[in-house]
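The structure file work10.txt is reproduced below (compact mmCIF, C-alpha atoms).
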```txt
# COMPACT_ATOMS: atom_id res chain seq x y z
CA MET A 1 0.00 0.00 0.00
CA ASP A 2 2.92 2.37 0.60
CA ASP A 3 3.85 2.31 -3.08
CA TRP A 4 0.26 3.13 -3.99
CA SER A 5 0.34 6.27 -1.91
CA GLY A 6 3.51 7.65 -3.46
CA GLN A 7 6.52 6.00 -1.74
CA GLU A 8 9.69 5.89 -3.84
CA GLU A 9 10.72 2.59 -5.38
CA ARG A 10 12.81 0.38 -3.11
CA PRO A 11 15.47 -2.13 -4.24
CA GLY A 12 14.26 -5.65 -4.87
CA VAL A 13 15.59 -8.81 -3.29
CA MET A 14 18.40 -9.36 -5.78
CA GLU A 15 19.69 -5.80 -5.39
CA ARG A 16 19.70 -6.13 -1.60
CA VAL A 17 21.64 -9.41 -1.57
CA GLY A 18 23.91 -8.51 -4.47
CA GLY A 19 26.91 -7.73 -2.25
CA ILE A 20 26.77 -10.95 -0.28
CA GLU A 21 29.05 -12.88 -2.64
CA ALA A 22 31.84 -10.34 -2.22
CA ARG A 23 31.42 -10.30 1.56
CA VAL A 24 31.45 -14.11 1.77
CA GLY A 25 34.58 -14.20 -0.40
CA GLY A 26 36.31 -11.84 2.01
CA ILE A 27 35.24 -13.91 5.00
CA GLU A 28 36.51 -17.09 3.35
CA ALA A 29 39.89 -15.47 2.69
CA ARG A 30 40.19 -14.37 6.33
CA LEU A 31 39.16 -17.83 7.56
CA THR A 32 41.83 -19.43 5.38
CA CYS A 33 44.47 -17.26 7.07
CA VAL A 34 43.22 -18.23 10.53
CA GLU A 35 43.12 -21.94 9.66
CA HIS A 36 46.70 -21.72 8.41
CA ASP A 37 47.82 -20.71 11.90
CA LEU A 38 45.80 -23.38 13.73
CA TYR A 39 47.56 -26.43 12.31
CA PRO A 40 51.24 -27.40 12.26
CA ASN A 41 52.90 -26.88 8.89
CA SER A 42 56.36 -25.83 7.76
CA GLY A 43 57.15 -24.00 10.99
CA GLU A 44 55.49 -20.73 10.05
CA SER A 45 52.18 -21.14 11.87
CA LEU A 46 51.19 -19.97 15.33
CA ARG A 47 50.60 -23.62 16.22
CA ASP A 48 54.22 -24.46 15.34
CA ALA A 49 55.45 -21.62 17.58
CA VAL A 50 53.28 -22.81 20.49
CA ASP A 51 54.42 -26.43 20.06
CA LEU A 52 58.07 -25.30 20.01
CA ALA A 53 57.61 -23.21 23.16
CA ASN A 54 55.87 -26.12 24.91
CA SER A 55 58.63 -28.57 24.03
CA ARG A 56 61.31 -26.16 25.26
CA LEU A 57 59.39 -25.54 28.47
CA ALA A 58 58.94 -29.28 29.03
CA ARG A 59 62.72 -29.75 28.79
CA LEU A 60 63.38 -26.90 31.23
CA CYS A 61 60.66 -27.81 33.75
CA PRO A 62 60.07 -31.56 33.91
CA ASP A 63 56.84 -32.63 35.57
CA GLU A 64 58.44 -34.59 38.43
CA GLU A 65 61.98 -35.10 39.72
CA GLY A 66 63.77 -38.01 38.04
CA GLU A 67 61.20 -38.51 35.29
CA PRO A 68 61.90 -37.56 31.70
CA PRO A 69 59.70 -34.71 30.49
CA SER A 70 56.42 -35.79 28.98
CA PRO A 71 55.52 -34.63 25.48
CA PRO A 72 53.08 -31.72 25.20
CA GLY A 73 49.49 -32.74 25.80
CA VAL A 74 50.33 -35.76 27.99
CA SER A 75 49.84 -35.51 31.75
CA HIS A 76 50.92 -37.81 34.55
CA ARG A 77 48.43 -38.68 37.27
```
Take the structure from the file and write it as structure tokens.
Amino acid sequence: MDDWSGQEERPGVMERVGGIEARVGGIEARLTCVEHDLYPNSGESLRDAVDLANSRLARLCPDEEGEPPSPPGVSHR
């Protein structure tokens, strides 16, 4: 009824969702960068840096006296 009484034309559905493909493409690119840092690879990811720091810390601070250090992610009970 608004159009009948003189409202200006509004964009249709396709015009309103037209920019979604570009936005999704940008989100996918950003997600790819984040995923790259979550998994070990050639030593350049954040995960590789965390694993290296954990292994160095395990060598410096063994869990208990006389026991060899446990690998990261393994706990003694």
Item to check | Exercise: residues within 12 Å of coordinate (51.4, -26.1, 20.3), counting all atoms listed in the file, as a ChimeraX atom specification | outcome: /A:37-41,43,45-58,71-73
Padding of 6 Å on every side, edges along x, y and z, all listed atoms of range 26-45 of chain A included: what centre and edge lengths in Å, to one decimal, does that box have, as JSON?
```
{"center_x": 46.2, "center_y": -19.6, "center_z": 7.9, "size_x": 33.9, "size_y": 27.6, "size_z": 23.7}
```
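Take CA of Glu21 in chain A and CA of Val34 in chain A: the distance between them is 20.1 Å.
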Taking N, CA and C atoms as the atom set, what does range 32-57 of chain A look like once completed, written as a PDB file, in the coordinates of the input?
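Here's the written file rebuild.pdb:
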```pdb
ATOM      1  N   THR A  32      40.699 -18.656   5.863  1.00  0.00           N
ATOM      2  CA  THR A  32      41.830 -19.430   5.380  1.00  0.00           C
ATOM      3  C   THR A  32      43.111 -19.033   6.109  1.00  0.00           C
ATOM      4  N   CYS A  33      43.287 -17.730   6.338  1.00  0.00           N
ATOM      5  CA  CYS A  33      44.470 -17.260   7.070  1.00  0.00           C
ATOM      6  C   CYS A  33      44.472 -17.768   8.516  1.00  0.00           C
ATOM      7  N   VAL A  34      43.325 -17.748   9.151  1.00  0.00           N
ATOM      8  CA  VAL A  34      43.220 -18.230  10.530  1.00  0.00           C
ATOM      9  C   VAL A  34      43.484 -19.730  10.585  1.00  0.00           C
ATOM     10  N   GLU A  35      42.906 -20.493   9.670  1.00  0.00           N
ATOM     11  CA  GLU A  35      43.120 -21.940   9.660  1.00  0.00           C
ATOM     12  C   GLU A  35      44.582 -22.281   9.442  1.00  0.00           C
ATOM     13  N   HIS A  36      45.280 -21.486   8.653  1.00  0.00           N
ATOM     14  CA  HIS A  36      46.700 -21.720   8.410  1.00  0.00           C
ATOM     15  C   HIS A  36      47.485 -21.685   9.722  1.00  0.00           C
ATOM     16  N   ASP A  37      47.101 -20.826  10.631  1.00  0.00           N
ATOM     17  CA  ASP A  37      47.820 -20.710  11.900  1.00  0.00           C
ATOM     18  C   ASP A  37      47.391 -21.717  12.948  1.00  0.00           C
ATOM     19  N   LEU A  38      46.293 -22.436  12.724  1.00  0.00           N
ATOM     20  CA  LEU A  38      45.800 -23.380  13.730  1.00  0.00           C
ATOM     21  C   LEU A  38      46.427 -24.760  13.643  1.00  0.00           C
ATOM     22  N   TYR A  39      47.035 -25.088  12.521  1.00  0.00           N
ATOM     23  CA  TYR A  39      47.560 -26.430  12.310  1.00  0.00           C
ATOM     24  C   TYR A  39      49.051 -26.375  12.037  1.00  0.00           C
ATOM     25  N   PRO A  40      49.796 -27.389  12.507  1.00  0.00           N
ATOM     26  CA  PRO A  40      51.240 -27.400  12.260  1.00  0.00           C
ATOM     27  C   PRO A  40      51.500 -27.506  10.753  1.00  0.00           C
ATOM     28  N   ASN A  41      52.514 -26.784  10.297  1.00  0.00           N
ATOM     29  CA  ASN A  41      52.900 -26.880   8.890  1.00  0.00           C
ATOM     30  C   ASN A  41      54.413 -26.762   8.804  1.00  0.00           C
ATOM     31  N   SER A  42      54.918 -25.917   7.996  1.00  0.00           N
ATOM     32  CA  SER A  42      56.360 -25.830   7.760  1.00  0.00           C
ATOM     33  C   SER A  42      57.114 -25.029   8.817  1.00  0.00           C
ATOM     34  N   GLY A  43      56.501 -24.764   9.932  1.00  0.00           N
ATOM     35  CA  GLY A  43      57.150 -24.000  10.990  1.00  0.00           C
ATOM     36  C   GLY A  43      56.765 -22.540  11.007  1.00  0.00           C
ATOM     37  N   GLU A  44      55.864 -22.133  10.149  1.00  0.00           N
ATOM     38  CA  GLU A  44      55.490 -20.730  10.050  1.00  0.00           C
ATOM     39  C   GLU A  44      54.178 -20.403  10.753  1.00  0.00           C
ATOM     40  N   SER A  45      53.488 -21.396  11.269  1.00  0.00           N
ATOM     41  CA  SER A  45      52.180 -21.140  11.870  1.00  0.00           C
ATOM     42  C   SER A  45      52.301 -20.834  13.362  1.00  0.00           C
ATOM     43  N   LEU A  46      51.262 -20.232  13.896  1.00  0.00           N
ATOM     44  CA  LEU A  46      51.190 -19.970  15.330  1.00  0.00           C
ATOM     45  C   LEU A  46      51.240 -21.281  16.092  1.00  0.00           C
ATOM     46  N   ARG A  47      50.596 -22.300  15.580  1.00  0.00           N
ATOM     47  CA  ARG A  47      50.600 -23.620  16.220  1.00  0.00           C
ATOM     48  C   ARG A  47      52.010 -24.171  16.340  1.00  0.00           C
ATOM     49  N   ASP A  48      52.832 -24.001  15.283  1.00  0.00           N
ATOM     50  CA  ASP A  48      54.220 -24.460  15.340  1.00  0.00           C
ATOM     51  C   ASP A  48      54.990 -23.717  16.433  1.00  0.00           C
ATOM     52  N   ALA A  49      54.752 -22.410  16.558  1.00  0.00           N
ATOM     53  CA  ALA A  49      55.450 -21.620  17.580  1.00  0.00           C
ATOM     54  C   ALA A  49      55.039 -22.070  18.977  1.00  0.00           C
ATOM     55  N   VAL A  50      53.764 -22.352  19.181  1.00  0.00           N
ATOM     56  CA  VAL A  50      53.280 -22.810  20.490  1.00  0.00           C
ATOM     57  C   VAL A  50      53.852 -24.184  20.811  1.00  0.00           C
ATOM     58  N   ASP A  51      53.866 -25.087  19.830  1.00  0.00           N
ATOM     59  CA  ASP A  51      54.420 -26.430  20.060  1.00  0.00           C
ATOM     60  C   ASP A  51      55.910 -26.347  20.409  1.00  0.00           C
ATOM     61  N   LEU A  52      56.645 -25.465  19.723  1.00  0.00           N
ATOM     62  CA  LEU A  52      58.070 -25.300  20.010  1.00  0.00           C
ATOM     63  C   LEU A  52      58.275 -24.762  21.427  1.00  0.00           C
ATOM     64  N   ALA A  53      57.498 -23.769  21.807  1.00  0.00           N
ATOM     65  CA  ALA A  53      57.610 -23.210  23.160  1.00  0.00           C
ATOM     66  C   ALA A  53      57.262 -24.264  24.208  1.00  0.00           C
ATOM     67  N   ASN A  54      56.245 -25.061  23.961  1.00  0.00           N
ATOM     68  CA  ASN A  54      55.870 -26.120  24.910  1.00  0.00           C
ATOM     69  C   ASN A  54      56.961 -27.168  25.040  1.00  0.00           C
ATOM     70  N   SER A  55      57.575 -27.553  23.934  1.00  0.00           N
ATOM     71  CA  SER A  55      58.630 -28.570  24.030  1.00  0.00           C
ATOM     72  C   SER A  55      59.844 -28.036  24.767  1.00  0.00           C
ATOM     73  N   ARG A  56      60.183 -26.756  24.540  1.00  0.00           N
ATOM     74  CA  ARG A  56      61.310 -26.160  25.260  1.00  0.00           C
ATOM     75  C   ARG A  56      60.996 -26.043  26.753  1.00  0.00           C
ATOM     76  N   LEU A  57      59.789 -25.655  27.078  1.00  0.00           N
ATOM     77  CA  LEU A  57      59.390 -25.540  28.470  1.00  0.00           C
ATOM     78  C   LEU A  57      59.391 -26.906  29.158  1.00  0.00           C
TER      79      LEU A  57
END
```
